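Right, one structure below, let's go through it.
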Amino acid sequence: MVDIATRVYNHKWKIDPIVRSLIDTDFYKLLMCQSIFRNRPDTRVTFSLINRSTHVPLAELVDEGELREQLDHIRSLSLSPGESTWLRGNMFYGKRQMFRPDFMEWFENLRLPPYHLERRGDQYHLTFEGTWAEVTLWEIPALAVLMELRSRAVLNRMDRFELQVLYARAMTKLWEKVERLRGIEGLNIADFGTRRRHSFLWQDWCVQALREGLGAAFVGTSNCKIAKDREMEAIGTNAHELPMIYAALAGSDAELARAPYDVLSDWHEEHDGNLRVILPDTYGTKEFLDKAPDWLASWTGIRVDSGDPVKGAELAIEWWKSRGEDPRKKLVIFSDGLEVDNIIALHRRFAHRVRPSFGWGTLLTNDFRSLVPDDALAPFSLVCKAVSADGHPTVKLSDNPEKAMGPQDEIARYKRVFGIGEQERIPVTV
């Protein structure tokens, strides 16, 4: 077991780079990247960093030179032979050769495209432009770099014993969560915490703690490198990015209304089983389900990622019933702002009505709340999103208007096309 406190006290970034590999990313990114490579290889996109927690002055906390060093290091990375062998030959979701030879040949020769970085007041403006398949792979490492550099800025002010005590407290805090989750019948939980983790070493420790503490209830990690190194399942399906860009490319209101289903039609051709999971909230869950084609009801499940999770799951249950499906056979993955209390409550409510599962993110891998003065290590809401596709702005509505993004005139248009009415505002913590 790594002595994290000593490693932090002694670290130099060339020994402990924040991102260590092109597969130090979420599994869904690679699945989506292959789909993009196949279906939209010529689409050009722009991704941009968005700090939704504007009270956190990233440009004052994080040195620009250190940030550039880390980003430049990421651009130097390529797949190792062992990583390529793992992707080509490992079994994912019960299937071998998940990644096609033509995609793997492209990926093996990939270096991430350039970035553009400038300081604007107390925040950084960080963008990535290029072909979609290349640029999409910047999202997770860019977020991981900013989150960990912010952590390091706080940790650098601490002495050796302070660090030992800090990590002892953080480990105790996590283990107390594990103990509360132990023994819950039928619990299935995975690590979804790469993008806003405290650090790579801490995420790796959290994953090991859950595997030892929860046993079979811990079903895997979204982080491909950790999954490979720890010989466990890589977990993930797809994200809002796909419908956002398909929608941005739509040439008319009618094409816009079809875009979320066109995404899943492409996905249906490529994947089966537990990879057929619907993410319905990009333009409103209820509105999506009301207009969904019948063939989607046969899919394995749904991921609930914004809004009231109880309401989202209940909508899914009623939709499956209306389409002649048995909800008890369906997978519902909860993945928005999870903490022990709502994991337990949601499992208790839905355990005998669906097959509940939990993608535990920031409050698994970055819960240092109340452990340092001024709560300087509390997690915050940082995202890196596609903001344009072939020159057209992207829009996300979500089931929570606090997460909506895009130009106001386009948001109004999307609300009209998708029939979005009043929505409940829910504070976004992470």
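Naming works like this for the structure tokens: A, B, ... for the chains as they're shown, residue 1 at the start of each chain, ligands 1 onward in shown order.
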**Study point:** Residue contacts of Ser222 (chain A) (9 Å, only C-alpha atoms) excluding same-chain residues fewer than 4 positions away, as a PyMOL selection string
**Key:** chain A and resi 25-28+190-194+226-227+233-236+359
Exercise for review: Fewer than 5 positions away in the same chain doesn't count, so skip those; otherwise give me all residues within 8 Å of Gly307 (chain A), counting only C-alpha atoms, as a PyMOL selection string.
Suggested key: chain A and resi 312+398-400+424-426
**Study point:** Per-residue DSSP, region 43-183 of chain A, filtered to alpha helix (DSSP H), as a VMD selection string
**Key:** chain A and resid 58 to 61 64 to 75 81 to 89 101 to 108 132 to 135 139 to 155 160 to 181
Review point. Could you name the residues that touch Ile278 (chain A) at 8 Å or less, counting only C-alpha atoms, but leaving out those on the same chain fewer than 6 positions away, as a PyMOL selection string?
Key: chain A and resi 264+299+301-303
If DSSP is run on the backbone, what residues of region 4-124 of chain A are strand (DSSP E)? A reply as a PDB file with all heavy atoms, in the first residue's frame would be ideal.
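result23.pdb was written with the following content:
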```pdb
ATOM      1  N   ARG A  44     -15.861  18.390 -36.376  1.00  0.00           N
ATOM      2  CA  ARG A  44     -14.891  19.178 -35.618  1.00  0.00           C
ATOM      3  C   ARG A  44     -15.609  19.841 -34.434  1.00  0.00           C
ATOM      4  O   ARG A  44     -16.703  20.386 -34.596  1.00  0.00           O
ATOM      5  CB  ARG A  44     -14.215  20.223 -36.507  1.00  0.00           C
ATOM      6  CG  ARG A  44     -13.390  19.584 -37.629  1.00  0.00           C
ATOM      7  CD  ARG A  44     -12.561  20.615 -38.369  1.00  0.00           C
ATOM      8  NE  ARG A  44     -11.532  21.214 -37.519  1.00  0.00           N
ATOM      9  CZ  ARG A  44     -10.347  20.650 -37.264  1.00  0.00           C
ATOM     10  NH1 ARG A  44     -10.043  19.456 -37.767  1.00  0.00           N
ATOM     11  NH2 ARG A  44      -9.454  21.264 -36.500  1.00  0.00           N
ATOM     12  N   VAL A  45     -14.965  19.777 -33.280  1.00  0.00           N
ATOM     13  CA  VAL A  45     -15.603  20.260 -32.061  1.00  0.00           C
ATOM     14  C   VAL A  45     -14.663  21.163 -31.278  1.00  0.00           C
ATOM     15  O   VAL A  45     -13.441  21.156 -31.488  1.00  0.00           O
ATOM     16  CB  VAL A  45     -16.047  19.082 -31.153  1.00  0.00           C
ATOM     17  CG1 VAL A  45     -17.003  18.160 -31.875  1.00  0.00           C
ATOM     18  CG2 VAL A  45     -14.834  18.312 -30.630  1.00  0.00           C
ATOM     19  N   THR A  46     -15.256  21.919 -30.376  1.00  0.00           N
ATOM     20  CA  THR A  46     -14.512  22.674 -29.378  1.00  0.00           C
ATOM     21  C   THR A  46     -15.018  22.274 -27.999  1.00  0.00           C
ATOM     22  O   THR A  46     -16.237  22.266 -27.771  1.00  0.00           O
ATOM     23  CB  THR A  46     -14.693  24.194 -29.561  1.00  0.00           C
ATOM     24  OG1 THR A  46     -14.227  24.571 -30.850  1.00  0.00           O
ATOM     25  CG2 THR A  46     -13.929  24.967 -28.496  1.00  0.00           C
ATOM     26  N   PHE A  47     -14.103  21.925 -27.129  1.00  0.00           N
ATOM     27  CA  PHE A  47     -14.406  21.661 -25.722  1.00  0.00           C
ATOM     28  C   PHE A  47     -13.858  22.815 -24.894  1.00  0.00           C
ATOM     29  O   PHE A  47     -12.810  23.381 -25.215  1.00  0.00           O
ATOM     30  CB  PHE A  47     -13.752  20.363 -25.247  1.00  0.00           C
ATOM     31  CG  PHE A  47     -14.573  19.123 -25.466  1.00  0.00           C
ATOM     32  CD1 PHE A  47     -14.910  18.711 -26.746  1.00  0.00           C
ATOM     33  CD2 PHE A  47     -15.005  18.358 -24.394  1.00  0.00           C
ATOM     34  CE1 PHE A  47     -15.658  17.560 -26.955  1.00  0.00           C
ATOM     35  CE2 PHE A  47     -15.748  17.207 -24.588  1.00  0.00           C
ATOM     36  CZ  PHE A  47     -16.085  16.805 -25.871  1.00  0.00           C
ATOM     37  N   SER A  48     -14.556  23.149 -23.818  1.00  0.00           N
ATOM     38  CA  SER A  48     -14.118  24.253 -22.972  1.00  0.00           C
ATOM     39  C   SER A  48     -14.278  23.899 -21.506  1.00  0.00           C
ATOM     40  O   SER A  48     -15.252  23.241 -21.113  1.00  0.00           O
ATOM     41  CB  SER A  48     -14.937  25.509 -23.292  1.00  0.00           C
ATOM     42  OG  SER A  48     -14.507  26.601 -22.499  1.00  0.00           O
ATOM     43  N   LEU A  49     -13.323  24.340 -20.701  1.00  0.00           N
ATOM     44  CA  LEU A  49     -13.395  24.193 -19.249  1.00  0.00           C
ATOM     45  C   LEU A  49     -14.424  25.181 -18.700  1.00  0.00           C
ATOM     46  O   LEU A  49     -14.442  26.348 -19.089  1.00  0.00           O
ATOM     47  CB  LEU A  49     -12.033  24.463 -18.628  1.00  0.00           C
ATOM     48  CG  LEU A  49     -11.900  24.196 -17.128  1.00  0.00           C
ATOM     49  CD1 LEU A  49     -11.742  22.710 -16.874  1.00  0.00           C
ATOM     50  CD2 LEU A  49     -10.702  24.962 -16.556  1.00  0.00           C
ATOM     51  N   ILE A  50     -15.285  24.712 -17.797  1.00  0.00           N
ATOM     52  CA  ILE A  50     -16.294  25.565 -17.178  1.00  0.00           C
ATOM     53  C   ILE A  50     -16.257  25.327 -15.673  1.00  0.00           C
ATOM     54  O   ILE A  50     -16.541  24.219 -15.206  1.00  0.00           O
ATOM     55  CB  ILE A  50     -17.704  25.261 -17.719  1.00  0.00           C
ATOM     56  CG1 ILE A  50     -17.750  25.425 -19.245  1.00  0.00           C
ATOM     57  CG2 ILE A  50     -18.744  26.163 -17.046  1.00  0.00           C
ATOM     58  CD1 ILE A  50     -19.002  24.866 -19.885  1.00  0.00           C
ATOM     59  N   ASN A  51     -15.895  26.352 -14.918  1.00  0.00           N
ATOM     60  CA  ASN A  51     -15.904  26.265 -13.457  1.00  0.00           C
ATOM     61  C   ASN A  51     -17.246  26.793 -12.966  1.00  0.00           C
ATOM     62  O   ASN A  51     -17.479  28.001 -12.934  1.00  0.00           O
ATOM     63  CB  ASN A  51     -14.751  27.074 -12.863  1.00  0.00           C
ATOM     64  CG  ASN A  51     -14.692  26.932 -11.335  1.00  0.00           C
ATOM     65  OD1 ASN A  51     -15.447  26.167 -10.735  1.00  0.00           O
ATOM     66  ND2 ASN A  51     -13.786  27.667 -10.710  1.00  0.00           N
ATOM     67  N   MET A  91     -11.667  -8.989 -21.853  1.00  0.00           N
ATOM     68  CA  MET A  91     -13.112  -9.124 -21.952  1.00  0.00           C
ATOM     69  C   MET A  91     -13.770  -7.963 -21.206  1.00  0.00           C
ATOM     70  O   MET A  91     -13.504  -7.741 -20.029  1.00  0.00           O
ATOM     71  CB  MET A  91     -13.576 -10.463 -21.378  1.00  0.00           C
ATOM     72  CG  MET A  91     -15.073 -10.706 -21.508  1.00  0.00           C
ATOM     73  SD  MET A  91     -15.556 -12.353 -20.952  1.00  0.00           S
ATOM     74  CE  MET A  91     -14.867 -13.375 -22.250  1.00  0.00           C
ATOM     75  N   PHE A  92     -14.623  -7.221 -21.888  1.00  0.00           N
ATOM     76  CA  PHE A  92     -15.382  -6.128 -21.288  1.00  0.00           C
ATOM     77  C   PHE A  92     -16.865  -6.426 -21.449  1.00  0.00           C
ATOM     78  O   PHE A  92     -17.330  -6.708 -22.554  1.00  0.00           O
ATOM     79  CB  PHE A  92     -15.052  -4.798 -21.968  1.00  0.00           C
ATOM     80  CG  PHE A  92     -13.600  -4.407 -21.897  1.00  0.00           C
ATOM     81  CD1 PHE A  92     -12.773  -4.553 -23.007  1.00  0.00           C
ATOM     82  CD2 PHE A  92     -13.052  -3.913 -20.725  1.00  0.00           C
ATOM     83  CE1 PHE A  92     -11.437  -4.184 -22.958  1.00  0.00           C
ATOM     84  CE2 PHE A  92     -11.709  -3.546 -20.663  1.00  0.00           C
ATOM     85  CZ  PHE A  92     -10.899  -3.688 -21.775  1.00  0.00           C
ATOM     86  N   LYS A  95     -17.672  -9.452 -23.370  1.00  0.00           N
ATOM     87  CA  LYS A  95     -17.386  -9.507 -24.799  1.00  0.00           C
ATOM     88  C   LYS A  95     -15.906  -9.278 -25.058  1.00  0.00           C
ATOM     89  O   LYS A  95     -15.320  -8.343 -24.528  1.00  0.00           O
ATOM     90  CB  LYS A  95     -18.211  -8.432 -25.528  1.00  0.00           C
ATOM     91  CG  LYS A  95     -18.012  -8.400 -27.035  1.00  0.00           C
ATOM     92  CD  LYS A  95     -18.902  -7.340 -27.650  1.00  0.00           C
ATOM     93  CE  LYS A  95     -18.721  -7.258 -29.157  1.00  0.00           C
ATOM     94  NZ  LYS A  95     -19.598  -6.222 -29.757  1.00  0.00           N
ATOM     95  N   ARG A  96     -15.309 -10.112 -25.889  1.00  0.00           N
ATOM     96  CA  ARG A  96     -13.933  -9.901 -26.313  1.00  0.00           C
ATOM     97  C   ARG A  96     -13.911  -9.047 -27.586  1.00  0.00           C
ATOM     98  O   ARG A  96     -14.876  -8.972 -28.328  1.00  0.00           O
ATOM     99  CB  ARG A  96     -13.230 -11.229 -26.566  1.00  0.00           C
ATOM    100  CG  ARG A  96     -12.994 -12.033 -25.298  1.00  0.00           C
ATOM    101  CD  ARG A  96     -11.860 -13.015 -25.459  1.00  0.00           C
ATOM    102  NE  ARG A  96     -11.703 -13.829 -24.248  1.00  0.00           N
ATOM    103  CZ  ARG A  96     -11.009 -13.452 -23.194  1.00  0.00           C
ATOM    104  NH1 ARG A  96     -10.410 -12.277 -23.205  1.00  0.00           N
ATOM    105  NH2 ARG A  96     -10.920 -14.231 -22.140  1.00  0.00           N
ATOM    106  N   TYR A 115      -3.770  22.468 -27.052  1.00  0.00           N
ATOM    107  CA  TYR A 115      -4.738  23.152 -26.204  1.00  0.00           C
ATOM    108  C   TYR A 115      -4.500  24.648 -26.307  1.00  0.00           C
ATOM    109  O   TYR A 115      -3.437  25.108 -26.739  1.00  0.00           O
ATOM    110  CB  TYR A 115      -4.608  22.698 -24.748  1.00  0.00           C
ATOM    111  CG  TYR A 115      -3.255  22.978 -24.133  1.00  0.00           C
ATOM    112  CD1 TYR A 115      -2.973  24.198 -23.515  1.00  0.00           C
ATOM    113  CD2 TYR A 115      -2.232  22.017 -24.188  1.00  0.00           C
ATOM    114  CE1 TYR A 115      -1.719  24.456 -22.963  1.00  0.00           C
ATOM    115  CE2 TYR A 115      -0.977  22.274 -23.646  1.00  0.00           C
ATOM    116  CZ  TYR A 115      -0.738  23.482 -23.037  1.00  0.00           C
ATOM    117  OH  TYR A 115       0.510  23.752 -22.494  1.00  0.00           O
ATOM    118  N   HIS A 116      -5.502  25.420 -25.888  1.00  0.00           N
ATOM    119  CA  HIS A 116      -5.342  26.874 -25.795  1.00  0.00           C
ATOM    120  C   HIS A 116      -5.661  27.285 -24.362  1.00  0.00           C
ATOM    121  O   HIS A 116      -6.750  26.990 -23.847  1.00  0.00           O
ATOM    122  CB  HIS A 116      -6.285  27.586 -26.763  1.00  0.00           C
ATOM    123  CG  HIS A 116      -6.216  29.085 -26.646  1.00  0.00           C
ATOM    124  ND1 HIS A 116      -5.166  29.822 -27.151  1.00  0.00           N
ATOM    125  CD2 HIS A 116      -7.052  29.987 -26.054  1.00  0.00           C
ATOM    126  CE1 HIS A 116      -5.370  31.104 -26.897  1.00  0.00           C
ATOM    127  NE2 HIS A 116      -6.502  31.237 -26.226  1.00  0.00           N
ATOM    128  N   LEU A 117      -4.714  27.962 -23.722  1.00  0.00           N
ATOM    129  CA  LEU A 117      -4.866  28.343 -22.316  1.00  0.00           C
ATOM    130  C   LEU A 117      -4.577  29.829 -22.152  1.00  0.00           C
ATOM    131  O   LEU A 117      -3.562  30.328 -22.631  1.00  0.00           O
ATOM    132  CB  LEU A 117      -3.894  27.531 -21.442  1.00  0.00           C
ATOM    133  CG  LEU A 117      -3.819  27.902 -19.959  1.00  0.00           C
ATOM    134  CD1 LEU A 117      -5.129  27.558 -19.244  1.00  0.00           C
ATOM    135  CD2 LEU A 117      -2.637  27.200 -19.285  1.00  0.00           C
ATOM    136  N   GLU A 118      -5.481  30.513 -21.474  1.00  0.00           N
ATOM    137  CA  GLU A 118      -5.223  31.896 -21.089  1.00  0.00           C
ATOM    138  C   GLU A 118      -5.925  32.190 -19.766  1.00  0.00           C
ATOM    139  O   GLU A 118      -6.922  31.552 -19.416  1.00  0.00           O
ATOM    140  CB  GLU A 118      -5.692  32.868 -22.167  1.00  0.00           C
ATOM    141  CG  GLU A 118      -7.183  32.862 -22.443  1.00  0.00           C
ATOM    142  CD  GLU A 118      -7.563  33.882 -23.498  1.00  0.00           C
ATOM    143  OE1 GLU A 118      -7.740  35.058 -23.114  1.00  0.00           O
ATOM    144  OE2 GLU A 118      -7.687  33.498 -24.684  1.00  0.00           O
ATOM    145  N   ARG A 119      -5.374  33.145 -19.044  1.00  0.00           N
ATOM    146  CA  ARG A 119      -5.968  33.558 -17.781  1.00  0.00           C
ATOM    147  C   ARG A 119      -6.952  34.693 -18.039  1.00  0.00           C
ATOM    148  O   ARG A 119      -6.647  35.649 -18.767  1.00  0.00           O
ATOM    149  CB  ARG A 119      -4.889  34.008 -16.798  1.00  0.00           C
ATOM    150  CG  ARG A 119      -5.450  34.494 -15.475  1.00  0.00           C
ATOM    151  CD  ARG A 119      -4.383  34.705 -14.426  1.00  0.00           C
ATOM    152  NE  ARG A 119      -4.974  35.204 -13.192  1.00  0.00           N
ATOM    153  CZ  ARG A 119      -4.381  35.170 -12.007  1.00  0.00           C
ATOM    154  NH1 ARG A 119      -3.161  34.649 -11.898  1.00  0.00           N
ATOM    155  NH2 ARG A 119      -4.986  35.654 -10.935  1.00  0.00           N
ATOM    156  N   ARG A 120      -8.129  34.579 -17.428  1.00  0.00           N
ATOM    157  CA  ARG A 120      -9.129  35.630 -17.490  1.00  0.00           C
ATOM    158  C   ARG A 120      -9.586  35.927 -16.067  1.00  0.00           C
ATOM    159  O   ARG A 120     -10.374  35.179 -15.480  1.00  0.00           O
ATOM    160  CB  ARG A 120     -10.312  35.237 -18.360  1.00  0.00           C
ATOM    161  CG  ARG A 120      -9.964  35.037 -19.826  1.00  0.00           C
ATOM    162  CD  ARG A 120     -11.182  34.690 -20.665  1.00  0.00           C
ATOM    163  NE  ARG A 120     -10.819  34.475 -22.064  1.00  0.00           N
ATOM    164  CZ  ARG A 120     -11.695  34.090 -23.010  1.00  0.00           C
ATOM    165  NH1 ARG A 120     -12.972  33.906 -22.674  1.00  0.00           N
ATOM    166  NH2 ARG A 120     -11.289  33.908 -24.248  1.00  0.00           N
ATOM    167  N   GLN A 123      -9.848  33.119 -13.175  1.00  0.00           N
ATOM    168  CA  GLN A 123     -10.145  31.797 -13.740  1.00  0.00           C
ATOM    169  C   GLN A 123      -9.291  31.556 -14.980  1.00  0.00           C
ATOM    170  O   GLN A 123      -8.756  32.495 -15.577  1.00  0.00           O
ATOM    171  CB  GLN A 123     -11.628  31.690 -14.116  1.00  0.00           C
ATOM    172  CG  GLN A 123     -12.593  31.878 -12.966  1.00  0.00           C
ATOM    173  CD  GLN A 123     -12.515  30.788 -11.912  1.00  0.00           C
ATOM    174  OE1 GLN A 123     -12.040  29.672 -12.181  1.00  0.00           O
ATOM    175  NE2 GLN A 123     -12.981  31.085 -10.700  1.00  0.00           N
ATOM    176  N   TYR A 124      -9.148  30.278 -15.354  1.00  0.00           N
ATOM    177  CA  TYR A 124      -8.477  29.915 -16.592  1.00  0.00           C
ATOM    178  C   TYR A 124      -9.498  29.656 -17.686  1.00  0.00           C
ATOM    179  O   TYR A 124     -10.561  29.057 -17.444  1.00  0.00           O
ATOM    180  CB  TYR A 124      -7.627  28.660 -16.399  1.00  0.00           C
ATOM    181  CG  TYR A 124      -6.337  28.905 -15.655  1.00  0.00           C
ATOM    182  CD1 TYR A 124      -6.082  28.288 -14.425  1.00  0.00           C
ATOM    183  CD2 TYR A 124      -5.370  29.757 -16.180  1.00  0.00           C
ATOM    184  CE1 TYR A 124      -4.895  28.509 -13.739  1.00  0.00           C
ATOM    185  CE2 TYR A 124      -4.181  29.988 -15.506  1.00  0.00           C
ATOM    186  CZ  TYR A 124      -3.957  29.367 -14.293  1.00  0.00           C
ATOM    187  OH  TYR A 124      -2.780  29.609 -13.625  1.00  0.00           O
TER     188      TYR A 124
END
```
Considering only C-alpha atoms, give me a table of residues in region 280-345 of chain A that are at most 12 Å from region 266-276 of chain A, with the closest atom pair and distance in Å for each, as JSON lines.
```
{"residue": "A:Trp295", "atom": "CA", "partner": "A:His268", "partner_atom": "CA", "distance": 9.7}
{"residue": "A:Leu296", "atom": "CA", "partner": "A:Arg276", "partner_atom": "CA", "distance": 8.9}
{"residue": "A:Ala297", "atom": "CA", "partner": "A:Arg276", "partner_atom": "CA", "distance": 10.4}
{"residue": "A:Ser298", "atom": "CA", "partner": "A:Arg276", "partner_atom": "CA", "distance": 9.1}
{"residue": "A:Trp299", "atom": "CA", "partner": "A:Arg276", "partner_atom": "CA", "distance": 5.4}
{"residue": "A:Thr300", "atom": "CA", "partner": "A:Arg276", "partner_atom": "CA", "distance": 5.5}
{"residue": "A:Gly301", "atom": "CA", "partner": "A:Arg276", "partner_atom": "CA", "distance": 6.9}
{"residue": "A:Ile302", "atom": "CA", "partner": "A:Arg276", "partner_atom": "CA", "distance": 8.5}
{"residue": "A:Arg303", "atom": "CA", "partner": "A:Arg276", "partner_atom": "CA", "distance": 10.4}
{"residue": "A:Lys329", "atom": "CA", "partner": "A:Asn274", "partner_atom": "CA", "distance": 11.8}
{"residue": "A:Lys330", "atom": "CA", "partner": "A:Asn274", "partner_atom": "CA", "distance": 10.0}
{"residue": "A:Leu331", "atom": "CA", "partner": "A:Asn274", "partner_atom": "CA", "distance": 8.3}
{"residue": "A:Val332", "atom": "CA", "partner": "A:Asn274", "partner_atom": "CA", "distance": 10.9}
{"residue": "A:Ile333", "atom": "CA", "partner": "A:Asn274", "partner_atom": "CA", "distance": 11.0}
```
Exercise for review: Go ahead and compute the interatomic distance for CA of Pro293 (chain A) and CA of Asp253 (chain A), in Å to one decimal.
Suggested key: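 Rounded to one decimal, the two atoms are 18.1 Å apart.
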Practice item. Find the spatial neighbours of Arg258 (chain A), counting only C-alpha atoms, within a cut-off of 10 Å - ignore same-chain residues fewer than 3 positions away - and output them as a list in words. Key: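 Near neighbours after the sequence-gap exclusion: Pro243, Tyr246, Ala247, Ala250, Ser252, Asp253, Ala254, Glu255, Tyr261, Asp262, Val263, Lys291, Ala292 and Phe418 of chain A.
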Exercise for review: Determine, counting only C-alpha atoms, which protein, DNA and RNA residues have an atom within 8 Å of an atom of region 60-65 of chain A; residues of the same chain fewer than 3 positions away are not included. Present the result as a list of chain:residue names.
Suggested key: A:Pro57, A:Arg68, A:Glu69, A:Asp122, A:Gln123, A:Leu146, A:Leu149, A:Arg150, A:Ala153
Review point. Leaving out Leu143 (chain A) and any residue of its chain fewer than 2 positions from it, which residues lie within 9 Å of it when counting only C-alpha atoms, given as a PyMOL selection string?
Key: chain A and resi 49+138-141+145-148+194-197+382-384
Study note, to complete from the structure: Counting only C-alpha atoms, closest pick from A:Leu31, A:Leu166, A:Ile343, A:Val277 relative to Ala316 (chain A) is A:Val277
Check your understanding: Which is closer to Glu402 (chain A) than all the others in A:Thr221, A:Ser53, A:Asn156, A:Thr362, using only C-alpha atoms?
Key ->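 That would be A:Ser53, the residue with the smallest distance to Glu402 (chain A).
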Practice item. Check the smallest atom-to-atom distance from each of A:Leu289, A:Leu22, A:Ala142, A:Leu187 to Arg111 (chain A) using only C-alpha atoms, then report the winner. Key: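 Going through A:Leu289, A:Leu22, A:Ala142, A:Leu187 one by one, the smallest distance to Arg111 (chain A) is for A:Leu22.
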Study note, to complete from the structure: Using only C-alpha atoms, the best pick from A:Pro327, A:Gly82, A:Gly215, A:Gly89 as closest to Glu108 (chain A) would be A:Gly82
